[in-house]
>>> print(open('coords07.cif').read())   # mmCIF, C-alpha atoms
data_my_file
loop_
_atom_site.label_atom_id
_atom_site.label_comp_id
_atom_site.auth_asym_id
_atom_site.auth_seq_id
_atom_site.Cartn_x
_atom_site.Cartn_y
_atom_site.Cartn_z
CA MET A 1 0.00 0.00 0.00
CA ASN A 2 1.47 3.30 -1.06
CA GLU A 3 0.17 5.38 1.82
CA SER A 4 1.23 8.79 0.58
CA ALA A 5 -0.34 8.15 -2.84
CA LEU A 6 -3.58 7.09 -1.20
CA ILE A 7 -3.55 10.16 1.04
CA HIS A 8 -2.91 12.35 -1.99
CA ASP A 9 -5.82 10.77 -3.86
CA ALA A 10 -8.06 11.07 -0.80
CA GLN A 11 -7.17 14.75 -0.56
CA ARG A 12 -8.52 15.11 -4.09
CA GLY A 13 -11.82 13.60 -2.97
CA ASP A 14 -11.17 9.97 -3.88
CA LEU A 15 -13.29 8.08 -1.38
CA GLU A 16 -12.04 4.69 -2.52
CA ALA A 17 -8.47 5.67 -1.76
CA PHE A 18 -9.52 6.90 1.67
CA ASN A 19 -11.38 3.65 2.32
CA ARG A 20 -8.19 1.71 1.75
CA LEU A 21 -6.59 3.80 4.46
CA VAL A 22 -9.62 3.10 6.66
CA LEU A 23 -9.12 -0.64 6.26
CA ALA A 24 -5.45 -0.28 7.16
CA TYR A 25 -6.04 1.73 10.35
CA GLN A 26 -9.50 0.77 11.58
CA ASP A 27 -8.20 -1.76 14.14
CA ALA A 28 -5.81 0.77 15.66
CA LEU A 29 -8.49 3.43 15.92
CA TYR A 30 -11.08 1.04 17.25
CA ASN A 31 -8.71 -0.31 19.92
CA THR A 32 -7.80 3.19 21.03
CA ALA A 33 -11.44 4.17 21.28
CA LEU A 34 -12.28 0.95 23.10
CA ARG A 35 -9.57 1.51 25.71
CA ILE A 36 -10.50 5.13 26.25
CA LEU A 37 -14.26 4.62 26.30
CA GLY A 38 -14.47 1.08 27.66
CA ASP A 39 -17.56 0.27 25.63
CA GLU A 40 -17.66 -1.62 22.38
CA ASP A 41 -20.61 0.18 20.82
CA GLN A 42 -19.41 3.62 21.80
CA ALA A 43 -15.95 2.75 20.52
CA ALA A 44 -17.41 1.69 17.17
CA ASP A 45 -19.41 4.91 16.95
CA ALA A 46 -16.37 7.01 17.86
CA THR A 47 -14.27 5.19 15.27
CA GLN A 48 -16.85 5.79 12.57
CA GLU A 49 -17.14 9.44 13.57
CA ALA A 50 -13.38 9.75 13.51
CA PHE A 51 -13.10 8.41 9.98
CA ILE A 52 -15.85 10.70 8.76
CA SER A 53 -14.14 13.71 10.38
CA ALA A 54 -10.80 12.59 8.99
CA PHE A 55 -12.14 12.42 5.44
CA ARG A 56 -13.70 15.84 5.73
CA ALA A 57 -10.54 17.34 7.17
CA ILE A 58 -8.01 15.39 5.16
CA ASN A 59 -6.80 18.51 3.41
CA SER A 60 -5.58 19.78 6.76
CA TYR A 61 -3.16 16.83 6.95
CA ARG A 62 0.29 18.29 6.36
CA GLY A 63 2.52 15.25 6.47
CA GLY A 64 4.03 13.35 9.37
CA SER A 65 2.62 10.17 10.83
CA PHE A 66 -0.77 9.55 9.28
CA LYS A 67 -1.57 7.06 12.01
CA ALA A 68 -0.94 9.73 14.65
CA TRP A 69 -3.13 12.15 12.69
CA LEU A 70 -5.94 9.59 12.60
CA LEU A 71 -5.49 8.79 16.28
CA ARG A 72 -5.95 12.47 16.97
CA THR A 73 -9.36 12.41 15.31
CA VAL A 74 -10.42 9.32 17.23
CA THR A 75 -9.16 10.77 20.52
CA ASN A 76 -11.19 13.90 19.86
CA ALA A 77 -14.22 11.75 19.06
CA CYS A 78 -13.70 9.91 22.36
CA TYR A 79 -13.45 13.18 24.29
CA ASP A 80 -16.71 14.30 22.65
CA GLU A 81 -18.36 11.03 23.61
CA LEU A 82 -17.14 11.30 27.20
CA ARG A 83 -18.46 14.85 27.41
CA ARG A 84 -21.81 13.61 26.11
CA GLN A 85 -21.81 10.86 28.72
CA LYS A 86 -21.38 13.42 31.47
CA ARG A 87 -24.59 15.06 30.35
CA ARG A 88 -26.45 11.75 30.14
CA PRO A 89 -27.15 9.05 32.73
CA THR A 90 -24.16 6.75 33.21
CA THR A 91 -24.02 3.34 31.64
CA PRO A 92 -22.76 0.25 33.52
CA LEU A 93 -19.09 -0.59 33.15
CA GLU A 94 -19.81 -4.27 33.00
CA PRO A 95 -21.61 -5.79 30.05
CA GLU A 96 -25.06 -6.83 31.17
CA ASN A 97 -27.77 -9.02 29.75
CA ASN A 98 -31.44 -8.16 29.52
CA ASP A 99 -31.97 -9.06 33.20
CA ASP A 100 -29.31 -6.53 34.26
CA GLU A 101 -27.00 -9.36 35.29
CA GLU A 102 -23.33 -9.17 34.52
CA ILE A 103 -22.26 -11.39 31.64
CA GLU A 104 -19.39 -13.65 32.67
CA SER A 105 -17.90 -13.97 29.20
CA PRO A 106 -19.10 -11.25 26.92
CA ARG A 107 -18.96 -11.78 23.19
CA TRP A 108 -16.06 -9.42 22.71
CA LEU A 109 -13.88 -11.56 24.96
CA ALA A 110 -14.41 -14.63 22.83
CA ASP A 111 -11.30 -15.77 21.02
CA PHE A 112 -11.53 -19.22 19.54
CA SER A 113 -7.76 -19.61 19.16
CA MET A 114 -7.29 -19.79 22.96
CA THR A 115 -7.82 -22.63 25.40
CA PRO A 116 -10.55 -22.08 28.00
CA GLU A 117 -7.90 -21.37 30.65
CA GLU A 118 -6.15 -18.82 28.48
CA LYS A 119 -9.45 -17.23 27.70
CA LEU A 120 -10.19 -16.90 31.37
CA ASP A 121 -6.75 -15.43 32.07
CA ALA A 122 -7.07 -12.98 29.22
CA ALA A 123 -10.56 -12.03 30.31
CA GLU A 124 -9.46 -11.39 33.89
CA LEU A 125 -6.50 -9.35 32.77
CA GLU A 126 -8.48 -7.31 30.33
CA HIS A 127 -11.21 -6.75 32.86
CA ALA A 128 -8.76 -5.54 35.50
CA ILE A 129 -6.82 -3.27 33.18
CA GLN A 130 -9.92 -1.77 31.64
CA HIS A 131 -11.32 -1.10 35.08
CA CYS A 132 -8.12 0.68 36.13
CA LEU A 133 -7.93 2.60 32.87
CA GLU A 134 -11.44 3.88 33.38
CA ALA A 135 -10.50 5.01 36.87
CA LEU A 136 -7.91 7.37 35.37
CA PRO A 137 -8.74 10.95 34.44
CA THR A 138 -9.53 11.18 30.72
CA ASP A 139 -6.36 13.08 29.83
CA PHE A 140 -4.16 10.54 31.58
CA ARG A 141 -6.08 7.67 30.02
CA ALA A 142 -5.65 8.98 26.50
CA VAL A 143 -1.92 9.47 26.98
CA VAL A 144 -1.29 6.04 28.46
CA VAL A 145 -3.40 4.31 25.79
CA LEU A 146 -1.56 6.12 23.01
CA ALA A 147 1.82 5.30 24.53
CA ASP A 148 1.35 1.76 25.78
CA VAL A 149 -1.44 0.37 23.62
CA GLN A 150 -0.65 2.14 20.35
CA GLY A 151 3.09 2.54 20.91
CA LEU A 152 3.33 6.19 19.87
CA ASP A 153 6.37 8.18 20.90
CA TYR A 154 6.12 11.28 23.08
CA ALA A 155 6.24 13.74 20.20
CA GLU A 156 3.41 11.96 18.41
CA ILE A 157 1.34 11.80 21.58
CA ALA A 158 1.91 15.51 22.14
CA ALA A 159 0.62 16.19 18.63
CA VAL A 160 -2.38 13.92 19.13
CA VAL A 161 -3.55 15.36 22.44
CA HIS A 162 -2.45 18.97 21.76
CA THR A 163 -0.22 19.23 24.82
CA PRO A 164 3.44 20.04 25.32
CA LEU A 165 5.95 17.22 25.45
CA GLY A 166 6.67 17.83 29.13
CA THR A 167 3.00 17.46 30.00
CA VAL A 168 2.83 14.18 28.09
CA LYS A 169 5.82 12.90 30.01
CA SER A 170 4.32 13.92 33.32
CA ARG A 171 0.84 12.53 32.56
CA LEU A 172 2.28 9.25 31.41
CA ALA A 173 4.34 8.82 34.59
CA ARG A 174 1.34 9.65 36.78
CA ALA A 175 -0.95 7.39 34.79
CA ARG A 176 1.45 4.46 35.09
CA LEU A 177 1.83 4.99 38.82
CA ARG A 178 -1.92 5.13 39.31
CA LEU A 179 -2.45 2.09 37.14
CA ARG A 180 0.10 0.18 39.15
CA GLU A 181 -1.66 1.14 42.38
CA CYS A 182 -5.03 0.22 41.00
CA LEU A 183 -3.84 -3.11 39.61
CA GLN A 184 -2.47 -4.08 43.00
CA ASP A 185 -6.09 -4.51 44.11
CA PHE A 186 -6.52 -7.07 41.35
CA TRP A 187 -3.11 -8.64 41.80
CA GLU A 188 -4.48 -11.88 43.24
CA LEU A 189 -7.05 -12.08 40.49
CA LEU A 190 -4.48 -11.72 37.79
CA PRO A 191 -3.17 -14.91 36.21
CA ALA A 192 0.28 -15.99 37.39
CA ALA A 193 1.76 -15.28 33.99
CA PHE A 194 0.99 -11.61 34.44
CA ARG A 195 2.35 -11.29 37.96
CA LEU A 196 5.59 -9.97 36.66
CA GLU A 197 7.98 -8.41 39.02
CA SER A 198 9.57 -6.49 36.24
CA GLU A 199 9.91 -6.61 32.52
CA ALA A 200 13.20 -4.82 32.55
CA ALA A 201 14.93 -4.80 35.87
CA PRO A 202 17.94 -2.52 35.83
CA MET B 1 20.31 8.90 49.21
CA THR B 2 17.12 10.98 49.06
CA SER B 3 13.54 9.77 48.55
CA PRO B 4 12.53 9.90 44.88
CA SER B 5 10.67 13.01 43.72
CA PHE B 6 7.98 13.11 41.05
CA ARG B 7 10.61 14.42 38.68
CA ASP B 8 12.48 11.15 39.26
CA VAL B 9 9.33 9.18 38.49
CA GLU B 10 8.92 11.11 35.25
CA GLN B 11 12.51 10.37 34.33
CA LEU B 12 12.05 6.68 35.11
CA SER B 13 8.93 6.54 32.94
CA ALA B 14 10.83 8.24 30.11
CA LEU B 15 13.71 5.82 30.60
CA LEU B 16 11.30 2.94 30.07
CA ASP B 17 10.21 4.47 26.79
CA GLU B 18 13.78 5.25 25.76
CA GLN B 19 12.88 8.90 25.52
CA LEU B 20 15.76 10.15 27.64
CA HIS B 21 18.92 11.73 26.40
CA PRO B 22 21.75 9.12 26.55
CA GLN B 23 23.63 11.12 29.19
CA GLU B 24 20.54 11.47 31.38
CA ALA B 25 19.77 7.79 30.90
CA ALA B 26 23.25 6.78 32.00
CA ARG B 27 23.02 9.00 35.08
CA LEU B 28 19.65 7.54 36.01
CA GLN B 29 20.89 3.98 35.57
CA GLU B 30 23.65 4.71 38.07
CA ARG B 31 21.11 6.00 40.57
CA LEU B 32 18.89 2.96 40.00
CA ASN B 33 21.78 0.67 40.86
CA SER B 34 22.40 2.43 44.11
CA ASP B 35 18.87 3.41 45.16
CA PRO B 36 16.50 0.46 45.94
CA GLU B 37 13.49 2.77 46.40
CA LEU B 38 14.00 4.24 42.95
CA ALA B 39 14.50 0.76 41.56
CA ALA B 40 11.18 -0.35 43.13
CA ILE B 41 9.33 2.50 41.45
CA TYR B 42 10.97 1.66 38.18
CA ARG B 43 9.78 -1.93 38.51
CA GLN B 44 6.25 -0.79 39.28
CA LEU B 45 6.14 1.48 36.26
CA SER B 46 7.54 -1.28 34.13
CA GLN B 47 4.92 -3.73 35.39
CA ALA B 48 2.10 -1.36 34.59
CA ARG B 49 3.51 -0.80 31.12
CA THR B 50 3.97 -4.52 30.54
CA LEU B 51 0.39 -5.24 31.52
CA LEU B 52 -0.96 -2.57 29.21
CA ARG B 53 1.10 -3.91 26.36
CA LYS B 54 -0.29 -7.38 27.00
CA LEU B 55 -3.80 -6.17 26.40
CA PRO B 56 -5.17 -8.19 23.52
CA ALA B 57 -5.68 -6.15 20.39
CA ARG B 58 -9.29 -6.25 19.36
CA ARG B 59 -10.29 -6.52 15.77
CA ALA B 60 -12.72 -3.92 14.56
CA PRO B 61 -16.21 -5.44 14.84
CA ARG B 62 -17.00 -4.29 11.31
CA ASN B 63 -15.51 -2.32 8.48
CA PHE B 64 -15.61 1.42 8.98
CA THR B 65 -15.29 2.25 5.31
CA LEU B 66 -17.23 5.31 4.30
CA THR B 67 -20.05 5.53 1.81
CA PRO B 68 -20.68 8.61 -0.35
CA HIS B 69 -23.86 9.19 1.63
CA MET B 70 -21.94 9.37 4.94
CA VAL B 71 -19.67 12.15 3.78
CA GLY B 72 -22.00 13.83 1.31
CA VAL B 73 -19.87 12.98 -1.68
CA LYS B 74 -21.60 12.98 -5.05
CA ALA B 75 -20.47 11.17 -8.14
CA PRO B 76 -18.48 13.38 -10.48
CA ALA B 77 -20.86 14.64 -13.14
CA PRO B 78 -20.27 12.98 -16.51
CA ARG B 79 -19.48 15.21 -19.48
CA SER B 80 -22.76 14.37 -21.16
CA PHE B 81 -24.56 15.70 -18.08
CA THR B 82 -22.86 19.06 -18.42
CA PHE B 83 -23.67 19.14 -22.13
CA PHE B 84 -27.35 18.27 -21.66
CA ARG B 85 -27.72 20.68 -18.79
CA LEU B 86 -26.23 23.54 -20.76
CA ALA B 87 -28.35 22.66 -23.80
CA SER B 88 -31.48 22.65 -21.66
CA ALA B 89 -30.60 25.97 -20.09
CA PHE B 90 -29.85 27.49 -23.49
CA ALA B 91 -33.08 26.23 -25.03
CA SER B 92 -35.05 27.54 -22.04
CA LEU B 93 -33.39 30.92 -22.37
CA LEU B 94 -34.17 31.09 -26.06
CA LEU B 95 -37.76 30.12 -25.38
CA LEU B 96 -38.03 32.88 -22.84
CA LEU B 97 -36.57 35.30 -25.36
CA THR B 98 -39.20 34.34 -27.95
CA PHE B 99 -41.92 35.26 -25.47
CA VAL B 100 -40.23 38.57 -24.75
CA VAL B 101 -39.84 39.30 -28.46
CA ASN B 102 -43.45 38.40 -29.15
CA GLY B 103 -44.61 40.58 -26.28
CA LEU B 104 -42.58 43.54 -27.48
CA GLY B 105 -43.59 42.89 -31.11
CA GLN B 106 -47.21 43.36 -30.20
CA ARG B 107 -46.59 46.68 -28.44
CA ILE B 108 -43.90 48.43 -30.42
CA PRO B 109 -45.69 48.80 -33.79
CA THR B 110 -48.94 50.11 -32.22
CA ALA B 111 -47.32 52.67 -29.98
CA PRO B 112 -46.36 55.35 -32.57
CA SER B 113 -49.85 55.46 -34.19
CA ALA B 114 -51.65 55.26 -30.82
CA ALA B 115 -49.83 58.20 -29.26
CA PRO B 116 -51.15 60.93 -31.57
CA ALA B 117 -54.56 59.28 -31.57
CA TYR B 118 -54.68 59.56 -27.80
CA GLY B 119 -53.80 63.20 -28.02
CA MET B 120 -56.63 63.67 -30.49
CA GLY B 121 -59.02 61.73 -28.32
CA GLY B 122 -59.18 58.50 -30.28
CA GLY B 123 -57.40 55.23 -31.02
CA PRO B 124 -57.34 52.03 -29.05
CA ILE B 125 -55.42 53.45 -26.07
CA ALA B 126 -57.69 56.45 -26.00
CA GLU B 127 -60.63 54.13 -25.88
CA ASN B 128 -59.16 52.27 -22.94
CA MET B 129 -58.40 55.49 -21.14
CA GLU B 130 -61.92 56.68 -21.73
CA ALA B 131 -63.56 54.11 -19.50
CA PRO B 132 -62.28 55.44 -16.13
CA ALA B 133 -62.89 58.99 -17.27
CA ALA B 134 -66.49 58.24 -18.11
CA PRO B 135 -68.03 59.42 -14.84
CA GLU B 136 -66.45 62.83 -15.38
CA SER B 137 -67.72 63.09 -18.90
CA ARG B 138 -71.12 61.76 -17.98
CA PRO B 139 -72.71 65.07 -16.88
CA GLN B 140 -71.68 66.75 -20.14
CA SER B 141 -73.23 64.08 -22.29
CA GLY B 142 -76.57 64.48 -20.62
CA GLY B 143 -78.77 62.33 -18.35
CA GLY B 144 -80.72 62.78 -15.08
CA ALA B 145 -77.89 62.21 -12.69
CA GLY B 146 -75.63 64.76 -14.34
CA GLU B 147 -78.17 67.59 -13.85
CA LEU B 148 -78.12 67.54 -10.09
CA PRO B 149 -76.48 70.52 -8.41
CA ALA B 150 -72.87 69.66 -7.63
CA PRO B 151 -72.81 70.28 -3.83
CA GLU B 152 -75.90 68.13 -3.18
CA ALA B 153 -74.73 65.42 -5.47
CA THR B 154 -71.43 65.08 -3.64
CA ALA B 155 -72.87 65.50 -0.15
CA ALA B 156 -75.51 62.81 -0.42
CA PRO B 157 -73.17 59.86 -1.20
CA ALA B 158 -70.79 61.04 1.52
CA THR B 159 -73.39 60.75 4.26
CA ASP B 160 -74.84 57.51 2.90
CA ALA B 161 -71.49 55.97 2.15
CA ALA B 162 -71.58 53.59 5.10
CA VAL B 163 -75.00 52.13 4.26
CA PRO B 164 -75.68 52.17 0.54
CA THR B 165 -79.35 52.62 -0.20
CA GLU B 166 -81.22 50.94 -3.01
CA GLU B 167 -81.07 54.14 -5.08
CA THR B 168 -77.35 54.52 -4.81
CA LEU B 169 -76.84 50.88 -5.67
CA ARG B 170 -79.12 51.26 -8.66
CA SER B 171 -77.27 54.36 -9.80
CA MET B 172 -73.92 52.57 -9.41
CA VAL B 173 -75.17 49.74 -11.56
CA ALA B 174 -76.58 52.21 -14.05
CA VAL B 175 -73.34 54.10 -14.58
CA PRO B 176 -71.48 51.47 -16.61
CA THR B 177 -74.46 50.96 -18.88
CA GLU B 178 -74.57 54.68 -19.55
CA THR B 179 -70.88 54.85 -20.33
CA THR B 180 -70.99 51.83 -22.56
CA GLN B 181 -73.83 53.35 -24.42
CA GLU B 182 -72.07 56.68 -24.60
CA GLN B 183 -68.84 55.32 -26.10
CA PRO B 184 -70.21 54.66 -29.53
CA ALA B 185 -71.90 58.05 -29.39
CA ALA B 186 -68.67 59.77 -28.48
CA LYS B 187 -66.93 58.05 -31.35
CA MET B 188 -69.66 59.07 -33.67
CA GLY B 189 -69.30 62.64 -32.53
CA GLY B 190 -66.33 63.69 -34.66
CA GLU B 191 -63.59 61.13 -33.86
CA ASP B 192 -63.44 59.62 -37.29
CA ASP B 193 -59.71 60.31 -37.55
CA ALA B 194 -58.97 58.17 -34.56
CA ALA B 195 -61.27 55.46 -35.82
CA ASP B 196 -59.41 55.55 -39.10
CA SER B 197 -56.01 55.27 -37.44
CA THR B 198 -56.90 52.11 -35.47
CA PRO B 199 -57.16 49.73 -38.42
CA HIS B 200 -53.82 51.04 -39.70
CA ALA B 201 -52.09 50.07 -36.43
CA SER B 202 -53.54 46.57 -36.33
CA THR B 203 -52.73 45.77 -39.94
CA ARG B 204 -49.16 47.02 -39.70
CA PRO B 205 -46.76 44.00 -39.84
CA SER B 206 -44.88 43.21 -36.58
CA PHE B 207 -42.18 40.62 -35.89
CA GLN B 208 -43.56 37.48 -34.26
CA VAL B 209 -41.58 34.33 -33.44
CA PRO B 210 -43.53 31.50 -35.02
CA ALA B 211 -45.28 29.17 -32.64
CA TRP B 212 -43.64 26.10 -34.16
CA LEU B 213 -40.23 27.48 -33.23
CA GLN B 214 -41.38 28.02 -29.68
CA LEU B 215 -42.65 24.47 -29.56
CA VAL B 216 -39.35 23.16 -30.88
CA LEU B 217 -37.47 25.14 -28.22
CA LEU B 218 -39.81 23.91 -25.52
CA GLY B 219 -39.31 20.33 -26.67
CA LEU B 220 -35.55 20.77 -26.73
CA ALA B 221 -35.48 22.30 -23.26
CA VAL B 222 -37.58 19.48 -21.81
CA LEU B 223 -35.79 16.66 -23.62
CA THR B 224 -32.30 17.83 -22.80
CA GLY B 225 -33.36 18.50 -19.22
CA VAL B 226 -34.72 15.00 -18.86
CA ALA B 227 -31.61 13.58 -20.52
CA ALA B 228 -29.39 15.49 -18.08
CA TRP B 229 -31.39 14.20 -15.13
CA LEU B 230 -31.24 10.61 -16.38
CA VAL B 231 -27.52 10.73 -17.09
CA ASN B 232 -26.81 12.20 -13.66
CA ARG B 233 -29.03 9.67 -11.89
CA GLN B 234 -27.30 6.81 -13.65
CA ALA B 235 -23.88 8.19 -12.69
CA GLN B 236 -24.95 8.54 -9.03
CA ALA B 237 -26.37 5.02 -9.00
CA ASN B 238 -23.17 3.55 -10.43
CA PHE B 239 -21.08 5.52 -7.95
CA THR B 240 -23.13 4.34 -4.97
CA ARG B 241 -23.15 0.74 -6.22
CA ARG B 242 -19.36 0.78 -6.32
CA PHE B 243 -19.18 1.49 -2.56
CA ARG B 244 -21.77 -1.14 -1.64
CA LYS B 245 -19.52 -3.98 -2.84
#
>>> encode(input="coords07.cif", output="structure tokens")
Amino acid sequence: MNESALIHDAQRGDLEAFNRLVLAYQDALYNTALRILGDEDQAADATQEAFISAFRAINSYRGGSFKAWLLRTVTNACYDELRRQKRRPTTPLEPENNDDEEIESPRWLADFSMTPEEKLDAAELEHAIQHCLEALPTDFRAVVVLADVQGLDYAEIAAVVHTPLGTVKSRLARARLRLRECLQDFWELLPAAFRLESEAAP
Amino acid sequence: MTSPSFRDVEQLSALLDEQLHPQEAARLQERLNSDPELAAIYRQLSQARTLLRKLPARRAPRNFTLTPHMVGVKAPAPRSFTFFRLASAFASLLLLLTFVVNGLGQRIPTAPSAAPAYGMGGGPIAENMEAPAAPESRPQSGGGAGELPAPEATAAPATDAAVPTEETLRSMVAVPTETTQEQPAAKMGGEDDAADSTPHASTRPSFQVPAWLQLVLLGLAVLTGVAAWLVNRQAQANFTRRFRK
């Protein structure tokens, strides 16, 4: 895929070219939205909104990482959604069925390539991390998702969230500390494989 | 050895991400080796980062590709559409012009002969102008109503204006019949010149766009308009179908 050619065509109004970019980046945008919003449907809506906004504003793209530029649109869409949520009644964090009972294994946790044990481990881990992510302030959450889920560098994150590099650095450190504190409450619940002392001990 | 500050935590987080300057990184590594508290924080940050990175990547539940409808994009108009649209507009304009020309053609030739006739009190325009002036001329031409003294005649309708009596209504109805009867009389009374000039004006040749040409233009305007609409609709349908695949 020649990304710059596709971007150039999309800037001239070629929707097909833009759709090829959509297919290339939709997983990244959806995952970012899912981690920031914590809800599958809202994440899908935010992703769709982000792509629509991106197409309309594609002429404002002036080079650099296109992925970071797209992540900026999805982060903005997530912020909008979170602002809307503040004005509306809150929705439950846990997926629930029609009887308002928590679903043990929601559909989005299903992965048929895993053994039942692995599935359970992955589900517990995901559940714990998502819970702790949602406990973070929105700005911290966005930064830590962009850095640790999407793997952006500090400069890209700064461009995505419109904040100075120093602020990104500070938010990321605080977010990681808070996540660590929060995850300690789930430490016993976490599968043994994830009870790492350290990934990179000095 | 001092307790780590938040600045140290920031540096440790940046060290994890390899975002520190090599010199700063080397200095921090030295401190980490000698400071167990700092090393503990580093481990904690690293654990949090490791856990986040282990989050399973979700696949998008569906494709988020855009349709023309979503972004308000229309199919580029085909060349034939532009041609038909322009042809339709041109034919419509010409048709409009034929009406204007025909309208002017009817007025222009009659105007020069009618003007002197009006001044002499005759001609078709003079006849038209005569109708509103009839009530004024009515007393001169004779009749019962015209012989009433002026002050009384004007005062009586003013007082009875709100509730018209049977007499006033009858007189109002009678007025047009008097004037219509008077007109031939007025013409008879020495306006032969004007009467003579009227046939001249009507027989004088004036430019008229033939009706068949107007019909042809109308047909062209409609046909090319419909063709433009059809061509555009087909283009839009093809464009939309391409994105539904």
>>> residues_around(input="coords07.cif", residues="Ala54 of chain A", least_positions_apart="6", cutoff="12 Å", atoms="all atoms listed in the file", output="MDAnalysis selection string")
(chainID A and resid 7 10:11 15 18:19 21:22 25 29 46:48 60:61 66:77) or (chainID B and resid 65:66 71)
>>> resolve_selection(input="coords07.cif", expression="the PyMOL selection byres ((chain A) within 8 of (chain B))", output="PyMOL selection string")
chain A and resi 15-16+19-20+22-23+26-27+30-31+44+47-48+51-52+55-56+122+125-126+129+148-149+153-154+169-170+172-174+176-177+179-180+183+194+196-202
>>> atom_distance(input="coords07.cif", atom1="atom CA of Ala128 of chain A", atom2="atom CA of Glu181 of chain A")
11.9 Å
>>> resolve_selection(input="coords07.cif", expression="the PyMOL selection byres ((chain A and resi 137) around 12)", output="PyMOL selection string")
chain A and resi 36-37+79+82+132-136+138-144+171-172+174-175+178-179
>>> atom_distance(input="coords07.cif", atom1="atom CA of Asp35 of chain B", atom2="atom CA of Leu20 of chain B")
19.0 Å
>>> atom_distance(input="coords07.cif", atom1="atom CA of Ile58 of chain A", atom2="atom CA of Ala77 of chain B")
22.4 Å
>>> resolve_selection(input="coords07.cif", expression="the PyMOL selection byres ((chain B and resi 226-232) around 12)", output="PDB file with C-alpha atoms, in the coordinates of the input")
ATOM      1  CA  LYS B  74     -21.600  12.980  -5.050  1.00  0.00           C
ATOM      2  CA  ALA B  75     -20.470  11.170  -8.140  1.00  0.00           C
ATOM      3  CA  PRO B  76     -18.480  13.380 -10.480  1.00  0.00           C
ATOM      4  CA  ALA B  77     -20.860  14.640 -13.140  1.00  0.00           C
ATOM      5  CA  PRO B  78     -20.270  12.980 -16.510  1.00  0.00           C
ATOM      6  CA  ARG B  79     -19.480  15.210 -19.480  1.00  0.00           C
ATOM      7  CA  SER B  80     -22.760  14.370 -21.160  1.00  0.00           C
ATOM      8  CA  PHE B  81     -24.560  15.700 -18.080  1.00  0.00           C
ATOM      9  CA  THR B  82     -22.860  19.060 -18.420  1.00  0.00           C
ATOM     10  CA  PHE B  83     -23.670  19.140 -22.130  1.00  0.00           C
ATOM     11  CA  PHE B  84     -27.350  18.270 -21.660  1.00  0.00           C
ATOM     12  CA  ARG B  85     -27.720  20.680 -18.790  1.00  0.00           C
ATOM     13  CA  LEU B  86     -26.230  23.540 -20.760  1.00  0.00           C
ATOM     14  CA  ALA B  87     -28.350  22.660 -23.800  1.00  0.00           C
ATOM     15  CA  SER B  88     -31.480  22.650 -21.660  1.00  0.00           C
ATOM     16  CA  ALA B  89     -30.600  25.970 -20.090  1.00  0.00           C
ATOM     17  CA  GLY B 219     -39.310  20.330 -26.670  1.00  0.00           C
ATOM     18  CA  LEU B 220     -35.550  20.770 -26.730  1.00  0.00           C
ATOM     19  CA  ALA B 221     -35.480  22.300 -23.260  1.00  0.00           C
ATOM     20  CA  VAL B 222     -37.580  19.480 -21.810  1.00  0.00           C
ATOM     21  CA  LEU B 223     -35.790  16.660 -23.620  1.00  0.00           C
ATOM     22  CA  THR B 224     -32.300  17.830 -22.800  1.00  0.00           C
ATOM     23  CA  GLY B 225     -33.360  18.500 -19.220  1.00  0.00           C
ATOM     24  CA  ARG B 233     -29.030   9.670 -11.890  1.00  0.00           C
ATOM     25  CA  GLN B 234     -27.300   6.810 -13.650  1.00  0.00           C
ATOM     26  CA  ALA B 235     -23.880   8.190 -12.690  1.00  0.00           C
ATOM     27  CA  GLN B 236     -24.950   8.540  -9.030  1.00  0.00           C
ATOM     28  CA  ALA B 237     -26.370   5.020  -9.000  1.00  0.00           C
ATOM     29  CA  ASN B 238     -23.170   3.550 -10.430  1.00  0.00           C
ATOM     30  CA  PHE B 239     -21.080   5.520  -7.950  1.00  0.00           C
TER      31      PHE B 239
END
